[in-house]
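First the structure, in the form of structure tokens, and then the observations on it.
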Amino acid sequence: MRVLVIGSGAREHALLLALRRDPEVSELAVAPGNAGTAVIADQYDVDITDGDAVAKLAHKIGADLVVIGPEVPLVLGVADAVRAAGIACFGPTRDAARIEGSKSFAKDVMTAAGVRTANSEIVDNPGHLDAALDRFGPAVGEPAWVVKDDGLAAGKGVVVTPDRDAARAHAASLLDAGHPVLLESFLDGPEVSLFSIVDGETVVPLLPAQDFKRVGDGDTGPNTGGMGAFAPLDWLPDEVITQIVDEIVKPVAAEMVRRGCPFTGLLYAGLAITSRGPAVVEFNCRFGDPETQSVLALLESPLGQLLYAAATGKLADQPPLQWRDGAAVTVVLAAENYPGRPRVGDVIVGSEADGVLHAGTARREDGAIVSSGGRVLSVVGTGADLAAARENAYALIKSIRLPGSHFRTDIALAAAEGRVSV
Ligand code: GLY
């Protein structure tokens with residue numbers, strides 16, 4: 001099987017490495033990729049937001065399966081164009097990708113499916129902002145305001161703050177830019193990312209993971225696209241995972257079918273395990289980054305066959321998934337100043353080791369690998385338990401040199417020390 005992966009992040013690098021382990025995958029291609037993916041796949045340049053261009057490329061290289069990594073092409077309907085060209089595609093249609101692309105659509109689906117989520121309100125008129133802020137936040141017993149962009153914002157459109165002025169300023173700047181604002185109540189409890197391969201009403205959950213969104217140790221500083229992750233979650237009882245699948249993911253998948261926009265691809269449930277049980281923070285329509293790097297490091301089942309089965313309506317026929325014992329920890333190396341405007345163009349030393357997954361990297365004409373984005377790369381450590389996986393991940397990241405770069409030193413630390421519970 002010839003597989004084309006669309007995207008250029010560490011998530012796509014992890015997908016390619018897992019696909020390469022599948023004996024039925026004979027050839028790998030990626031577009032546009034990065035300096036790390038170029039070593040394991042044929043690399044093509046394409047505008048990934050242009051469905052016709054992606055479909056043309058897939059046709060030209062004889063791809064049997066296209067796997068679309070990022071949300072932007074999915075929300076723009078690139079999967080529809082690939083399928084219309086007669087090529088199997090792992091990734092939802094434009095209609096189904098609204099589960100991520102429109103927070104209000106996602107809320108409608110969750111309400112209809114009876115899924116517990118944060119209370120929410122959309123504000124699109126600046127004149128209504130103050131009254132809406134007063135209906136949320138500490139005034140109603142919540143410890144913070146949650147202010148989101150009602151569209152795609154790559155994880156950076158969210159501000160969670162106990163400071164009403166800060167909440168107001170963020171909401172006002174979104175409204176000024178013409179973006180409707182979503183106000184939500186705050187959900188207490190640890191966060192969980194549960195990814196499921198979905199094909200209509202068939203749901204196959206992967207191992208649960210947790211990611212770390214703030215830039216600094218101790219969950220300080222601004223939100224980022226993700227600074228680290230780990231899997232599995234020993235502190236999360238199996239009954240709660242079953243409850244999430246049966247009471248949240250399956251009803252949402254069924255509701256998408258009922259609405260005439262069945263979901264095919266990776267359905268990412270971002271949840272908080274609150275004192276009243278699991279509740280949805282958000283759904284995404286694709287593999288999450290950096291959780292994917294940890295989850296796929298532990299997958300033993302052949303990924304190509306699994307994604308092809310979902311893309312061709314045969315997911316229900318697949319055998320149960322097999323996982324490696326132990327744990328995987330991912331730590332992201334970010335460029336100086338990230339999540340602000342990152343410094344780029346610096347030479348990276350040590351990035352070609354096993355377990356290093358590239359994101360914002362490029363190969364210069366002289367052969368050197370240089371930084372080209374904010375999240376430059378991630379390292380994955382595996383081990384018999386979280387402590388061993390952390391040790392391996394941190395030994396690896398400390399062996400890499402990039403001027404001005406930074407990483408969090410506490411990824412999975414609380415869980416490894418038994419300080420997370422529900
Ligand atoms: N892990 C956050 C995201 O993928 O959006």
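If you're wondering about the labels, chains in the structure tokens are A, B, ... by order shown, residues count from 1 in each chain, ligands from 1 in order shown.
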Please return, as an mmCIF file with N, CA, C and O atoms, in the first residue's frame, all residues of segment 11-196 of chain A that DSSP assigns to strand (DSSP E or B) on the basis of the backbone.
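Saved to selection-v1.cif:
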data_model
loop_
_atom_site.group_PDB
_atom_site.id
_atom_site.type_symbol
_atom_site.label_atom_id
_atom_site.label_comp_id
_atom_site.auth_asym_id
_atom_site.auth_seq_id
_atom_site.Cartn_x
_atom_site.Cartn_y
_atom_site.Cartn_z
ATOM 1 N N GLU A 27 5.180 1.942 0.462
ATOM 2 C CA GLU A 27 5.789 3.230 0.095
ATOM 3 C C GLU A 27 5.124 4.357 0.869
ATOM 4 O O GLU A 27 3.905 4.372 1.045
ATOM 5 N N LEU A 28 5.961 5.315 1.269
ATOM 6 C CA LEU A 28 5.463 6.451 2.041
ATOM 7 C C LEU A 28 5.806 7.757 1.335
ATOM 8 O O LEU A 28 6.938 7.931 0.865
ATOM 9 N N ALA A 29 4.830 8.653 1.306
ATOM 10 C CA ALA A 29 5.082 9.992 0.773
ATOM 11 C C ALA A 29 4.509 10.997 1.762
ATOM 12 O O ALA A 29 3.601 10.681 2.541
ATOM 13 N N VAL A 30 5.042 12.202 1.737
ATOM 14 C CA VAL A 30 4.555 13.254 2.622
ATOM 15 C C VAL A 30 4.578 14.581 1.878
ATOM 16 O O VAL A 30 5.441 14.816 1.037
ATOM 17 N N ALA A 31 3.611 15.426 2.196
ATOM 18 C CA ALA A 31 3.587 16.774 1.610
ATOM 19 C C ALA A 31 3.004 17.739 2.636
ATOM 20 O O ALA A 31 1.940 17.467 3.154
ATOM 21 N N PRO A 32 3.654 18.842 2.967
ATOM 22 C CA PRO A 32 4.974 19.207 2.463
ATOM 23 C C PRO A 32 6.130 18.624 3.293
ATOM 24 O O PRO A 32 7.256 18.631 2.814
ATOM 25 N N ASP A 42 9.081 9.972 0.573
ATOM 26 C CA ASP A 42 9.273 10.859 -0.579
ATOM 27 C C ASP A 42 8.539 12.154 -0.268
ATOM 28 O O ASP A 42 7.389 12.132 0.176
ATOM 29 N N GLN A 43 9.194 13.254 -0.510
ATOM 30 C CA GLN A 43 8.627 14.534 -0.078
ATOM 31 C C GLN A 43 8.162 15.360 -1.288
ATOM 32 O O GLN A 43 8.894 15.482 -2.254
ATOM 33 N N LEU A 65 -3.913 5.437 -0.203
ATOM 34 C CA LEU A 65 -4.528 6.039 0.991
ATOM 35 C C LEU A 65 -3.889 7.397 1.238
ATOM 36 O O LEU A 65 -2.662 7.519 1.202
ATOM 37 N N VAL A 66 -4.723 8.400 1.499
ATOM 38 C CA VAL A 66 -4.232 9.719 1.907
ATOM 39 C C VAL A 66 -4.649 9.930 3.365
ATOM 40 O O VAL A 66 -5.811 9.704 3.715
ATOM 41 N N VAL A 67 -3.692 10.324 4.192
ATOM 42 C CA VAL A 67 -3.968 10.600 5.610
ATOM 43 C C VAL A 67 -3.725 12.092 5.819
ATOM 44 O O VAL A 67 -2.605 12.575 5.610
ATOM 45 N N ILE A 68 -4.770 12.812 6.222
ATOM 46 C CA ILE A 68 -4.630 14.266 6.378
ATOM 47 C C ILE A 68 -4.415 14.580 7.854
ATOM 48 O O ILE A 68 -5.260 14.276 8.697
ATOM 49 N N ALA A 88 -8.938 6.525 -1.388
ATOM 50 C CA ALA A 88 -9.339 6.384 0.019
ATOM 51 C C ALA A 88 -8.653 7.469 0.846
ATOM 52 O O ALA A 88 -7.469 7.763 0.639
ATOM 53 N N CYS A 89 -9.416 8.056 1.765
ATOM 54 C CA CYS A 89 -8.868 9.170 2.547
ATOM 55 C C CYS A 89 -9.219 8.989 4.013
ATOM 56 O O CYS A 89 -10.385 8.755 4.357
ATOM 57 N N PHE A 90 -8.219 9.103 4.880
ATOM 58 C CA PHE A 90 -8.459 9.089 6.316
ATOM 59 C C PHE A 90 -8.534 10.535 6.780
ATOM 60 O O PHE A 90 -7.528 11.235 6.860
ATOM 61 N N THR A 117 -21.019 18.956 28.822
ATOM 62 C CA THR A 117 -19.972 19.868 28.384
ATOM 63 C C THR A 117 -20.088 21.137 29.216
ATOM 64 O O THR A 117 -20.987 21.263 30.033
ATOM 65 N N SER A 120 -22.182 27.340 27.735
ATOM 66 C CA SER A 120 -21.497 28.251 26.821
ATOM 67 C C SER A 120 -22.455 29.250 26.210
ATOM 68 O O SER A 120 -23.672 29.069 26.248
ATOM 69 N N GLU A 121 -21.865 30.306 25.686
ATOM 70 C CA GLU A 121 -22.666 31.341 25.036
ATOM 71 C C GLU A 121 -21.801 31.980 23.954
ATOM 72 O O GLU A 121 -20.621 32.257 24.186
ATOM 73 N N ILE A 122 -22.379 32.191 22.784
ATOM 74 C CA ILE A 122 -21.645 32.868 21.701
ATOM 75 C C ILE A 122 -21.953 34.364 21.770
ATOM 76 O O ILE A 122 -23.111 34.744 21.908
ATOM 77 N N VAL A 123 -20.904 35.179 21.654
ATOM 78 C CA VAL A 123 -21.104 36.628 21.602
ATOM 79 C C VAL A 123 -20.547 37.119 20.265
ATOM 80 O O VAL A 123 -19.361 36.908 19.978
ATOM 81 N N TRP A 145 -12.828 32.791 33.968
ATOM 82 C CA TRP A 145 -13.509 32.929 32.685
ATOM 83 C C TRP A 145 -12.761 32.103 31.642
ATOM 84 O O TRP A 145 -11.521 32.063 31.668
ATOM 85 N N VAL A 146 -13.503 31.492 30.734
ATOM 86 C CA VAL A 146 -12.899 30.793 29.598
ATOM 87 C C VAL A 146 -13.402 31.490 28.346
ATOM 88 O O VAL A 146 -14.607 31.510 28.082
ATOM 89 N N VAL A 147 -12.489 32.111 27.605
ATOM 90 C CA VAL A 147 -12.857 32.895 26.415
ATOM 91 C C VAL A 147 -12.183 32.258 25.208
ATOM 92 O O VAL A 147 -10.956 32.125 25.165
ATOM 93 N N LYS A 148 -13.001 31.846 24.207
ATOM 94 C CA LYS A 148 -12.443 31.141 23.042
ATOM 95 C C LYS A 148 -12.851 31.843 21.761
ATOM 96 O O LYS A 148 -13.906 32.473 21.689
ATOM 97 N N ASP A 149 -12.023 31.647 20.744
ATOM 98 C CA ASP A 149 -12.351 32.045 19.378
ATOM 99 C C ASP A 149 -13.314 30.989 18.833
ATOM 100 O O ASP A 149 -13.019 29.806 18.889
ATOM 101 N N VAL A 159 -8.283 31.871 26.243
ATOM 102 C CA VAL A 159 -7.720 32.486 27.445
ATOM 103 C C VAL A 159 -8.559 32.024 28.631
ATOM 104 O O VAL A 159 -9.783 32.096 28.607
ATOM 105 N N VAL A 160 -7.896 31.460 29.637
ATOM 106 C CA VAL A 160 -8.557 31.046 30.880
ATOM 107 C C VAL A 160 -7.983 31.939 31.967
ATOM 108 O O VAL A 160 -6.776 31.916 32.213
ATOM 109 N N THR A 161 -8.829 32.755 32.591
ATOM 110 C CA THR A 161 -8.284 33.730 33.545
ATOM 111 C C THR A 161 -9.302 34.080 34.634
ATOM 112 O O THR A 161 -10.499 34.164 34.362
ATOM 113 N N VAL A 181 -17.081 35.218 19.596
ATOM 114 C CA VAL A 181 -16.406 34.758 20.824
ATOM 115 C C VAL A 181 -17.295 33.723 21.508
ATOM 116 O O VAL A 181 -18.507 33.867 21.551
ATOM 117 N N LEU A 182 -16.664 32.671 22.035
ATOM 118 C CA LEU A 182 -17.391 31.677 22.807
ATOM 119 C C LEU A 182 -16.974 31.818 24.270
ATOM 120 O O LEU A 182 -15.788 31.689 24.586
ATOM 121 N N LEU A 183 -17.940 32.104 25.131
ATOM 122 C CA LEU A 183 -17.667 32.127 26.577
ATOM 123 C C LEU A 183 -18.108 30.790 27.150
ATOM 124 O O LEU A 183 -19.180 30.289 26.801
ATOM 125 N N GLU A 184 -17.275 30.208 28.012
ATOM 126 C CA GLU A 184 -17.620 28.911 28.584
ATOM 127 C C GLU A 184 -17.416 28.918 30.083
ATOM 128 O O GLU A 184 -16.557 29.639 30.592
ATOM 129 N N GLU A 191 -7.256 17.076 32.836
ATOM 130 C CA GLU A 191 -7.680 16.942 31.443
ATOM 131 C C GLU A 191 -7.211 15.620 30.863
ATOM 132 O O GLU A 191 -6.166 15.090 31.245
ATOM 133 N N VAL A 192 -8.004 15.112 29.924
ATOM 134 C CA VAL A 192 -7.692 13.869 29.224
ATOM 135 C C VAL A 192 -7.933 14.093 27.737
ATOM 136 O O VAL A 192 -8.903 14.751 27.360
ATOM 137 N N SER A 193 -7.036 13.563 26.907
ATOM 138 C CA SER A 193 -7.302 13.531 25.465
ATOM 139 C C SER A 193 -7.559 12.082 25.102
ATOM 140 O O SER A 193 -6.680 11.238 25.289
ATOM 141 N N LEU A 194 -8.764 11.789 24.617
ATOM 142 C CA LEU A 194 -9.038 10.433 24.160
ATOM 143 C C LEU A 194 -9.296 10.473 22.660
ATOM 144 O O LEU A 194 -10.266 11.084 22.208
ATOM 145 N N PHE A 195 -8.394 9.831 21.905
ATOM 146 C CA PHE A 195 -8.536 9.767 20.453
ATOM 147 C C PHE A 195 -9.277 8.480 20.094
ATOM 148 O O PHE A 195 -8.966 7.423 20.645
ATOM 149 N N SER A 196 -10.202 8.582 19.135
ATOM 150 C CA SER A 196 -10.853 7.373 18.625
ATOM 151 C C SER A 196 -10.796 7.389 17.109
ATOM 152 O O SER A 196 -11.015 8.429 16.482
#
Taking only C-alpha atoms and all ligand atoms into account, report as a PyMOL selection string which residues have an atom no farther than 7 Å from an atom of ligand 1. chain A and resi 154-155+211+225-226+287-291
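Omitting Leu57 of chain A and its sequence neighbours fewer than 4 positions away, and counting only C-alpha atoms, the residues within 10 Å are A:Leu4, A:Ala31, A:Tyr44, A:Asp45, A:Val46, A:Gly51, A:Asp52, A:Ala53, A:Ile61, A:Gly62, A:Ala63, A:Val82.
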Of A:Leu174, A:Glu282, A:Arg11, A:Val257, the one nearest to Ser104 of chain A when counting only C-alpha atoms is A:Glu282
Contact residues around segment 250-256 of chain A with only C-alpha atoms at 12 Å, ignoring same-chain residues under 5 positions, as a PyMOL selection string: chain A and resi 92-93+95-99+105-116+196-205+242-245+261-269+280+283+285
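Taking atom CA of Gln293 of chain A and atom CA of Ala231 of chain A as endpoints, the distance between them is 9.4 Å.
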